[in-house]
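Enquirer: Input: one structure, supplied below.
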Amino acid sequence: WRVAGLIFIALGVAIASWAKLEFFRAGMLPFDLPKRLVTSGPYRFVRHPQFLGYIFVIVGWWWVWAAVYSFYFGMFILALIWVQAYLEEKSIMSKTFGEEYRQYIKRTGMFWIK
C-alpha cells in the first residue's frame, strides 16, 4: 500500500502543478480573483483539478501512513475541499462568468471527468 500511496501522492502533485501552470499561462497569479475562465489543460476535463490533485495526495497519504488518525484527518480535509469548491462555484465563478460558466459545468465534472 505504501508504494501505491507514493504513486498517488506523485500523481496528485503532478495534477495540481499542471493546473497551477495553466493559471500562470492565463496570466493569473495565486490568490487573484479570476479574470477569465480557464478551460485549457486539466480544466478541459474537471473544474477543480488543483483540488483533485490535493485529493490524490490525501488518499496517498492515507495509504502511506495506514493509520486511523490519517483517515479521520483526511476525511475532514476532503470535506473542507468540497465545501471550498462548492462555495467558490456559487459565490465567485457563477456570478463572475454567468452563462459561460453554466455551460462549462454541463460539460465538465467538479472533481472527476464527466
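We name chains A, B, ... following the order of the C-alpha cells; residues begin at 1 in each chain, and ligands are numbered from 1 as shown.
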I want to know what sits within 9 Å of stretch 55-65 of chain A, based on only C-alpha atoms, with residues of the same chain fewer than 2 positions away left out; could you give that as a VMD selection string?
Expert: chain A and resid 1 to 13 15 50 to 53 67 to 68 70 to 71 74 to 75 77 to 78 81
Enquirer: Just to be explicit: take each residue in the selection above, keep C-alpha atoms, and write the result as an mmCIF file, in the first residue's frame.
Expert:
data_model
loop_
_atom_site.group_PDB
_atom_site.id
_atom_site.type_symbol
_atom_site.label_atom_id
_atom_site.label_comp_id
_atom_site.auth_asym_id
_atom_site.auth_seq_id
_atom_site.Cartn_x
_atom_site.Cartn_y
_atom_site.Cartn_z
ATOM 1 C CA TRP A 1 0.000 0.000 0.000
ATOM 2 C CA ARG A 2 2.873 2.351 0.655
ATOM 3 C CA VAL A 3 4.076 2.159 -2.941
ATOM 4 C CA ALA A 4 0.547 2.807 -4.219
ATOM 5 C CA GLY A 5 0.301 5.714 -1.779
ATOM 6 C CA LEU A 6 3.537 7.238 -3.029
ATOM 7 C CA ILE A 7 2.312 6.874 -6.615
ATOM 8 C CA PHE A 8 -0.947 8.630 -5.707
ATOM 9 C CA ILE A 9 0.957 11.425 -3.975
ATOM 10 C CA ALA A 10 3.199 11.926 -7.009
ATOM 11 C CA LEU A 11 0.185 11.870 -9.342
ATOM 12 C CA GLY A 12 -1.636 14.392 -7.155
ATOM 13 C CA VAL A 13 1.333 16.754 -7.102
ATOM 14 C CA ILE A 15 -2.092 17.224 -11.446
ATOM 15 C CA GLN A 50 -5.958 21.580 -8.228
ATOM 16 C CA PHE A 51 -8.364 20.209 -5.650
ATOM 17 C CA LEU A 52 -8.379 16.853 -7.464
ATOM 18 C CA GLY A 53 -4.593 16.786 -7.109
ATOM 19 C CA ALA A 67 -3.218 4.945 10.495
ATOM 20 C CA VAL A 68 -6.688 5.701 11.801
ATOM 21 C CA SER A 70 -4.717 9.908 8.966
ATOM 22 C CA PHE A 71 -8.068 8.605 7.729
ATOM 23 C CA GLY A 74 -8.039 13.193 5.667
ATOM 24 C CA MET A 75 -11.838 12.930 5.640
ATOM 25 C CA ILE A 77 -9.709 17.861 4.811
ATOM 26 C CA LEU A 78 -11.706 16.297 1.946
ATOM 27 C CA ILE A 81 -12.020 20.893 -0.064
#
Enquirer: Report the distance between atom CA of A:Pro30 and atom CA of A:Tyr72 in Å, rounded to one decimal place.
Expert: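 Those two atoms sit 28.9 Å apart.
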Enquirer: Using only C-alpha atoms, determine which residues lie at most 12 Å from A:Ile92, disregarding the query and same-chain residues fewer than 4 positions distant; provide the list as a list in words.
Expert: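 Within the cut-off, the hits are Asp32, Leu33, Pro34, Lys35, Arg36, Leu37, Gln84, Ala85, Tyr86, Leu87, Glu88, Thr96, Phe97, Gly98 and Tyr101 of chain A.
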Enquirer: Among the residues of stretch 19-81 of chain A, find those DSSP assigns to alpha helix (DSSP H) from the backbone and print them as JSON, numbers by chain.
Expert: {"A": [19, 20, 21, 22, 23, 24, 25, 49, 50, 51, 52, 53, 54, 55, 56, 57, 58, 59, 60, 61, 62, 63, 64, 65, 68, 69, 70, 71, 72, 73, 74, 75, 76, 77, 78, 79, 80, 81]}
Enquirer: Atom CA of A:Met110 and atom CA of A:Ala66 are how many Å apart?
Expert: 27.5 Å
Enquirer: Please determine, counting only C-alpha atoms, which residue among A:Ile113, A:Ala14, A:Ala79, A:Leu29 has the shortest atom-to-atom distance to A:Tyr43.
Expert: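 For A:Tyr43, the nearest of the given residues is A:Ile113.
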Enquirer: Write out as a count of residues only which residues come within 10 Å of A:Pro42 when counting only C-alpha atoms, dropping same-chain ones fewer than 2 positions away.
Expert: 17
Enquirer: If you measure from atom CA of A:Phe23 to atom CA of A:Phe73, what distance in Å do you get, rounded to one decimal?
Expert: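 Here the two named atoms are 28.8 Å from each other.
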